[in-house]
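data29.cif, holding mmCIF, C-alpha atoms and all ligand atoms:
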data_data
loop_
_atom_site.group_PDB
_atom_site.id
_atom_site.type_symbol
_atom_site.label_atom_id
_atom_site.label_comp_id
_atom_site.auth_asym_id
_atom_site.auth_seq_id
_atom_site.Cartn_x
_atom_site.Cartn_y
_atom_site.Cartn_z
ATOM 1 C CA MET A 1 23.439 16.548 30.408
ATOM 2 C CA GLU A 2 24.444 12.876 30.609
ATOM 3 C CA MET A 3 20.778 11.810 30.379
ATOM 4 C CA PHE A 4 20.220 14.071 27.340
ATOM 5 C CA ARG A 5 23.240 12.514 25.599
ATOM 6 C CA GLU A 6 21.951 9.001 26.314
ATOM 7 C CA THR A 7 18.478 9.870 24.977
ATOM 8 C CA VAL A 8 19.930 11.323 21.756
ATOM 9 C CA ALA A 9 22.214 8.285 21.329
ATOM 10 C CA THR A 10 19.258 5.904 21.798
ATOM 11 C CA GLY A 11 17.188 7.902 19.277
ATOM 12 C CA VAL A 12 19.999 7.822 16.714
ATOM 13 C CA MET A 13 20.444 4.079 17.251
ATOM 14 C CA ILE A 14 16.716 3.364 16.762
ATOM 15 C CA LEU A 15 16.610 5.521 13.608
ATOM 16 C CA THR A 16 19.716 3.787 12.209
ATOM 17 C CA LEU A 17 18.187 0.365 12.875
ATOM 18 C CA LEU A 18 14.907 1.389 11.207
ATOM 19 C CA MET A 19 16.807 2.719 8.157
ATOM 20 C CA LEU A 20 18.976 -0.389 7.926
ATOM 21 C CA GLY A 21 15.927 -2.637 8.324
ATOM 22 C CA THR A 22 14.066 -0.745 5.589
ATOM 23 C CA ALA A 23 17.049 -0.966 3.197
ATOM 24 C CA VAL A 24 17.449 -4.721 3.773
ATOM 25 C CA VAL A 25 13.705 -5.427 3.407
ATOM 26 C CA SER A 26 13.495 -3.299 0.222
ATOM 27 C CA LEU A 27 16.414 -5.235 -1.288
ATOM 28 C CA PHE A 28 14.820 -8.540 -0.366
ATOM 29 C CA LEU A 29 11.363 -7.535 -1.694
ATOM 30 C CA GLN A 30 12.744 -5.801 -4.797
ATOM 31 C CA VAL A 31 10.078 -3.118 -4.296
ATOM 32 C CA PRO A 32 11.351 0.073 -2.655
ATOM 33 C CA TYR A 33 9.202 2.391 -0.565
ATOM 34 C CA VAL A 34 7.988 5.089 -2.962
ATOM 35 C CA PRO A 35 4.893 6.860 -1.620
ATOM 36 C CA THR A 36 2.069 7.640 -4.039
ATOM 37 C CA LYS A 37 1.701 11.383 -4.671
ATOM 38 C CA LYS A 38 -1.402 13.067 -3.195
ATOM 39 C CA ARG A 39 -3.052 13.798 -6.567
ATOM 40 C CA VAL A 40 -2.517 10.148 -7.591
ATOM 41 C CA VAL A 41 -4.040 8.984 -4.286
ATOM 42 C CA ARG A 42 -7.121 11.102 -5.090
ATOM 43 C CA LYS A 43 -7.326 9.632 -8.608
ATOM 44 C CA MET A 44 -7.022 6.040 -7.347
ATOM 45 C CA ILE A 45 -9.763 6.663 -4.772
ATOM 46 C CA GLU A 46 -11.975 8.081 -7.537
ATOM 47 C CA VAL A 47 -11.285 5.010 -9.709
ATOM 48 C CA ALA A 48 -12.201 2.714 -6.783
ATOM 49 C CA ASN A 49 -15.719 4.216 -6.565
ATOM 50 C CA LEU A 50 -15.897 3.209 -2.901
ATOM 51 C CA LYS A 51 -19.117 2.195 -1.155
ATOM 52 C CA ASN A 52 -19.850 2.076 2.575
ATOM 53 C CA ASN A 53 -18.779 -1.265 4.110
ATOM 54 C CA ASP A 54 -16.286 -2.038 1.340
ATOM 55 C CA VAL A 55 -13.229 -3.957 2.532
ATOM 56 C CA VAL A 56 -10.235 -2.099 1.135
ATOM 57 C CA TYR A 57 -6.655 -3.388 1.092
ATOM 58 C CA ASP A 58 -3.398 -1.699 0.194
ATOM 59 C CA LEU A 59 -0.809 -4.440 -0.315
ATOM 60 C CA GLY A 60 2.529 -2.859 0.482
ATOM 61 C CA CYS A 61 0.684 0.063 2.087
ATOM 62 C CA GLY A 62 3.700 2.271 2.858
ATOM 63 C CA ASP A 63 2.588 4.985 5.290
ATOM 64 C CA GLY A 64 -1.071 4.006 4.739
ATOM 65 C CA ARG A 65 -2.035 7.157 2.838
ATOM 66 C CA LEU A 66 -4.438 5.393 0.423
ATOM 67 C CA LEU A 67 -6.185 3.633 3.289
ATOM 68 C CA PHE A 68 -6.569 6.769 5.415
ATOM 69 C CA GLU A 69 -7.935 8.653 2.398
ATOM 70 C CA ALA A 70 -10.355 5.793 1.627
ATOM 71 C CA GLU A 71 -11.538 5.894 5.236
ATOM 72 C CA LYS A 72 -12.190 9.646 4.944
ATOM 73 C CA THR A 73 -14.242 9.099 1.774
ATOM 74 C CA LYS A 74 -16.619 6.296 2.912
ATOM 75 C CA LYS A 75 -17.209 4.050 5.912
ATOM 76 C CA VAL A 76 -14.843 1.345 4.697
ATOM 77 C CA ASN A 77 -12.968 -1.373 6.518
ATOM 78 C CA ALA A 78 -9.361 -0.587 5.556
ATOM 79 C CA LYS A 79 -6.465 -3.037 5.904
ATOM 80 C CA GLY A 80 -2.796 -2.622 5.019
ATOM 81 C CA TYR A 81 0.266 -4.868 4.864
ATOM 82 C CA GLU A 82 3.770 -3.419 5.041
ATOM 83 C CA LEU A 83 7.064 -5.182 5.749
ATOM 84 C CA ALA A 84 9.542 -2.292 5.686
ATOM 85 C CA PRO A 85 10.052 -0.785 9.194
ATOM 86 C CA ILE A 86 10.121 2.961 8.372
ATOM 87 C CA PRO A 87 6.857 3.136 6.372
ATOM 88 C CA TYR A 88 5.230 0.762 8.872
ATOM 89 C CA VAL A 89 6.123 3.053 11.802
ATOM 90 C CA LEU A 90 4.957 6.108 9.810
ATOM 91 C CA ALA A 91 1.631 4.346 9.116
ATOM 92 C CA GLN A 92 1.147 3.627 12.829
ATOM 93 C CA ILE A 93 1.919 7.255 13.728
ATOM 94 C CA LYS A 94 -0.566 8.507 11.102
ATOM 95 C CA LYS A 95 -3.156 5.999 12.311
ATOM 96 C CA PHE A 96 -2.803 7.401 15.831
ATOM 97 C CA PHE A 97 -3.120 11.055 14.781
ATOM 98 C CA ASN A 98 -6.004 10.329 12.358
ATOM 99 C CA LYS A 99 -7.823 8.344 15.087
ATOM 100 C CA SER A 100 -8.156 5.758 12.335
ATOM 101 C CA LYS A 101 -9.722 2.304 12.529
ATOM 102 C CA THR A 102 -7.481 1.050 9.709
ATOM 103 C CA THR A 103 -5.561 -2.136 10.526
ATOM 104 C CA ILE A 104 -1.904 -2.129 9.526
ATOM 105 C CA HIS A 105 -0.061 -5.448 9.680
ATOM 106 C CA MET A 106 3.720 -5.676 9.633
ATOM 107 C CA ALA A 107 3.668 -8.814 7.517
ATOM 108 C CA ASN A 108 4.202 -10.180 4.044
ATOM 109 C CA PHE A 109 0.989 -9.729 2.060
ATOM 110 C CA PHE A 110 1.565 -13.085 0.370
ATOM 111 C CA SER A 111 0.615 -14.637 3.720
ATOM 112 C CA ALA A 112 -2.571 -12.527 4.074
ATOM 113 C CA ASN A 113 -6.054 -13.931 3.657
ATOM 114 C CA LEU A 114 -7.693 -11.667 1.077
ATOM 115 C CA GLN A 115 -11.039 -13.389 0.655
ATOM 116 C CA ASP A 116 -13.075 -10.509 2.156
ATOM 117 C CA ALA A 117 -11.584 -7.883 -0.207
ATOM 118 C CA ASN A 118 -13.716 -5.662 -2.421
ATOM 119 C CA ILE A 119 -10.930 -3.285 -3.444
ATOM 120 C CA ILE A 120 -7.177 -3.932 -3.572
ATOM 121 C CA PHE A 121 -4.760 -1.055 -4.149
ATOM 122 C CA CYS A 122 -1.194 -1.817 -5.286
ATOM 123 C CA TYR A 123 1.915 0.063 -6.258
ATOM 124 C CA LEU A 124 4.411 -2.749 -6.789
ATOM 125 C CA GLY A 125 6.717 -4.061 -9.525
ATOM 126 C CA PRO A 126 5.659 -6.062 -12.619
ATOM 127 C CA ASP A 127 6.923 -9.446 -11.300
ATOM 128 C CA THR A 128 5.236 -8.980 -7.910
ATOM 129 C CA MET A 129 1.981 -7.949 -9.636
ATOM 130 C CA GLY A 130 2.001 -11.222 -11.617
ATOM 131 C CA GLN A 131 2.505 -13.382 -8.508
ATOM 132 C CA LEU A 132 -0.081 -11.385 -6.580
ATOM 133 C CA TYR A 133 -2.683 -11.749 -9.326
ATOM 134 C CA THR A 134 -2.464 -15.557 -9.054
ATOM 135 C CA LYS A 135 -3.126 -15.304 -5.301
ATOM 136 C CA ILE A 136 -5.971 -12.796 -5.703
ATOM 137 C CA LYS A 137 -7.679 -14.860 -8.414
ATOM 138 C CA HIS A 138 -7.477 -17.946 -6.229
ATOM 139 C CA GLU A 139 -8.736 -16.278 -3.007
ATOM 140 C CA CYS A 140 -10.991 -13.361 -3.848
ATOM 141 C CA LYS A 141 -14.641 -13.284 -4.794
ATOM 142 C CA LYS A 142 -15.986 -12.290 -8.194
ATOM 143 C CA GLY A 143 -16.163 -8.521 -8.601
ATOM 144 C CA THR A 144 -13.070 -7.753 -6.484
ATOM 145 C CA LYS A 145 -11.278 -4.796 -8.019
ATOM 146 C CA ILE A 146 -7.506 -4.360 -8.268
ATOM 147 C CA ILE A 147 -6.308 -0.798 -8.805
ATOM 148 C CA SER A 148 -2.651 -0.603 -9.737
ATOM 149 C CA ASN A 149 -0.509 2.506 -9.820
ATOM 150 C CA THR A 150 1.859 2.494 -12.841
ATOM 151 C CA PHE A 151 2.261 -1.290 -13.304
ATOM 152 C CA SER A 152 0.023 -3.523 -15.384
ATOM 153 C CA ILE A 153 -0.338 -7.264 -14.856
ATOM 154 C CA HIS A 154 1.468 -9.002 -17.677
ATOM 155 C CA GLY A 155 -0.888 -11.075 -19.863
ATOM 156 C CA VAL A 156 -4.100 -9.920 -18.094
ATOM 157 C CA GLU A 157 -6.585 -7.639 -19.847
ATOM 158 C CA PRO A 158 -7.519 -4.664 -17.605
ATOM 159 C CA SER A 159 -11.180 -3.591 -17.355
ATOM 160 C CA LYS A 160 -10.062 -0.001 -17.811
ATOM 161 C CA VAL A 161 -6.827 1.964 -18.155
ATOM 162 C CA TRP A 162 -6.237 5.631 -17.379
ATOM 163 C CA ALA A 163 -3.245 6.416 -19.578
ATOM 164 C CA LYS A 164 -0.271 8.346 -18.209
ATOM 165 C CA ASN A 165 -1.147 12.045 -18.238
ATOM 166 C CA PRO A 166 2.003 14.206 -18.006
ATOM 167 C CA LYS A 167 -0.060 17.422 -18.093
ATOM 168 C CA GLU A 168 -1.893 16.446 -14.886
ATOM 169 C CA LYS A 169 1.196 14.616 -13.577
ATOM 170 C CA LEU A 170 -0.691 11.324 -13.339
ATOM 171 C CA PRO A 171 0.892 7.911 -14.015
ATOM 172 C CA SER A 172 -0.954 5.089 -15.793
ATOM 173 C CA ILE A 173 -3.596 3.565 -13.555
ATOM 174 C CA TYR A 174 -4.965 0.083 -14.241
ATOM 175 C CA LEU A 175 -8.279 -1.341 -13.072
ATOM 176 C CA TYR A 176 -8.762 -5.123 -13.045
ATOM 177 C CA GLU A 177 -11.899 -6.968 -12.009
ATOM 178 C CA ILE A 178 -11.838 -10.600 -10.960
HETATM 179 C C1 LIG B 201 6.048 1.595 -4.047
HETATM 180 S S1 LIG B 201 5.692 1.426 -2.318
HETATM 181 C C2 LIG B 201 3.983 1.929 -2.279
HETATM 182 C C3 LIG B 201 3.516 2.348 -0.913
HETATM 183 C C4 LIG B 201 2.012 2.704 -0.836
HETATM 184 N N1 LIG B 201 1.192 1.631 -1.333
HETATM 185 C C5 LIG B 201 1.710 3.958 -1.584
HETATM 186 O O1 LIG B 201 1.088 3.835 -2.656
HETATM 187 O O2 LIG B 201 2.065 5.059 -1.122
HETATM 188 C C6 LIG B 201 5.567 -0.350 -2.178
HETATM 189 C C7 LIG B 201 5.614 -0.854 -0.744
HETATM 190 O O3 LIG B 201 5.318 -2.244 -0.744
HETATM 191 C C8 LIG B 201 6.056 -2.861 0.305
HETATM 192 N N2 LIG B 201 6.093 -4.302 -0.006
HETATM 193 C C9 LIG B 201 6.599 -4.883 -1.122
HETATM 194 N N3 LIG B 201 6.423 -6.213 -1.104
HETATM 195 C C10 LIG B 201 5.791 -6.497 0.075
HETATM 196 C C11 LIG B 201 5.338 -7.709 0.686
HETATM 197 N N4 LIG B 201 5.499 -8.885 0.076
HETATM 198 N N5 LIG B 201 4.696 -7.633 1.877
HETATM 199 C C12 LIG B 201 4.522 -6.416 2.501
HETATM 200 N N6 LIG B 201 4.948 -5.240 1.980
HETATM 201 C C13 LIG B 201 5.566 -5.271 0.779
HETATM 202 C C14 LIG B 201 7.399 -2.152 0.248
HETATM 203 O O4 LIG B 201 8.079 -2.240 1.483
HETATM 204 C C15 LIG B 201 6.978 -0.710 -0.092
HETATM 205 O O5 LIG B 201 6.837 0.081 1.067
#
Show me, as structure tokens, the structure contained in the file I just sent.
Ligand SMILES: C[S@@+](CC[C@H](N)C(=O)[O-])C[C@H]1O[C@@H](n2cnc3c(N)ncnc32)[C@H](O)[C@@H]1O
Amino acid sequence: MEMFRETVATGVMILTLLMLGTAVVSLFLQVPYVPTKKRVVRKMIEVANLKNNDVVYDLGCGDGRLLFEAEKTKKVNAKGYELAPIPYVLAQIKKFFNKSKTTIHMANFFSANLQDANIIFCYLGPDTMGQLYTKIKHECKKGTKIISNTFSIHGVEPSKVWAKNPKEKLPSIYLYEI
């Protein structure tokens, strides 16, 4: 009985720490963890028009759902960056159960080297998108695609926009090409 109580207490403590960590990181990043809905994931994958051997990033990958779906669609090299503890742990659990080769880094994507990217998925805020675009333009090769859920990049002309579609419950999706 004593051992059971200790195990439960440890579990509760770990969960509390993960929740606290996620709240603090979200405040600091000003981008909360909001997972992309399944139908939107499917739409973003369709927009990406993936090819075998593409290098696919999700910057702020949450639980990795876009990357795991991309990996199911084509033989891609998928890479994610996530700083918040709860989505990061969820991504690692999903990676294990999907037997996935996706790499998930618990790190700030502003410190990532993105030069091998073909496709970059994002679901961030408008300010972060602006800062990220500067980095992507500086590092990535011509033809790299950015696919953004909901948020456009201020002052940058997208190659294509899928307007918000309330009937199909789809948000605006923006495609940019470097
Ligand atoms: C709106 S959620 C989207 C999650 C996932 N991309 C999806 O579509 O389901 C944005 C995520 O980006 C993460 N994030 C924001 N800024 C980050 C940064 N600089 N480095 C790593 N992760 C970041 C947040 O912790 C959050 O989980």
Using all atoms listed in the file, which residues sit within 7 Å of Ile120 in chain A once same-chain residues fewer than 5 positions away are excluded, as a list in words?
->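 So, after excluding close chain neighbours, the residues are Val56, Tyr57, Asp58, Lys145, Ile146 and Ile147 of chain A.
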Can you list, as a PyMOL selection string, the residues that the PyMOL selection byres (((chain A and resi 126-141) around 7) and not hetatm) selects here?
-> chain A and resi 114-117+124-125+142-144+151-154+178
Rounded to one decimal place, report the CA of Ala70 in chain A-atom O2 of ligand LIG 201 (chain B) distance in Å.
->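 Calculated distance between CA of Ala70 in chain A and atom O2 of ligand LIG 201 (chain B) is 12.7 Å.
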Residues picked by the PyMOL selection byres (((not hetatm)) within 9 of (chain B and resi 201)) here, as a ChimeraX atom specification?
-> /A:22,25-26,28-38,40-41,58-67,80-88,105-111,121-125,128,149
Listed atoms of range 131-140 of chain A, axis-aligned box, 8 Å per side: centre and edge lengths to one decimal in Å, as lines of an AutoDock Vina configuration file?
center_x = -4.2
center_y = -14.7
center_z = -6.2
size_x = 29.5
size_y = 22.6
size_z = 22.3
Using only C-alpha atoms, which of A:Glu177, A:Glu157, A:Glu6, A:Glu69 sits nearest Arg39 in chain A?
->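 Ranked by minimum distance to Arg39 in chain A, first place goes to A:Glu69.
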CA of Thr102 in chain A to CA of Val76 in chain A, distance in Å rounded to a single decimal =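 CA of Thr102 in chain A sits 8.9 Å away from CA of Val76 in chain A.
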Distance in Å - CA of Gln92 in chain A versus CA of Leu15 in chain A = 15.6 Å
What do you get, as a PyMOL selection string, if you spell out every residue that the PyMOL selection byres (((chain A and resi 44-52) around 6) and not hetatm) selects here?
-> chain A and resi 41-43+53-54+74-76
Identify, on the basis of only C-alpha atoms, every residue whose closest approach to range 161-166 of chain A does not exceed 9 Å; exclude the query and any residue fewer than 4 positions from it along the same chain; express the result as a ChimeraX atom specification.
-> /A:150,170-176
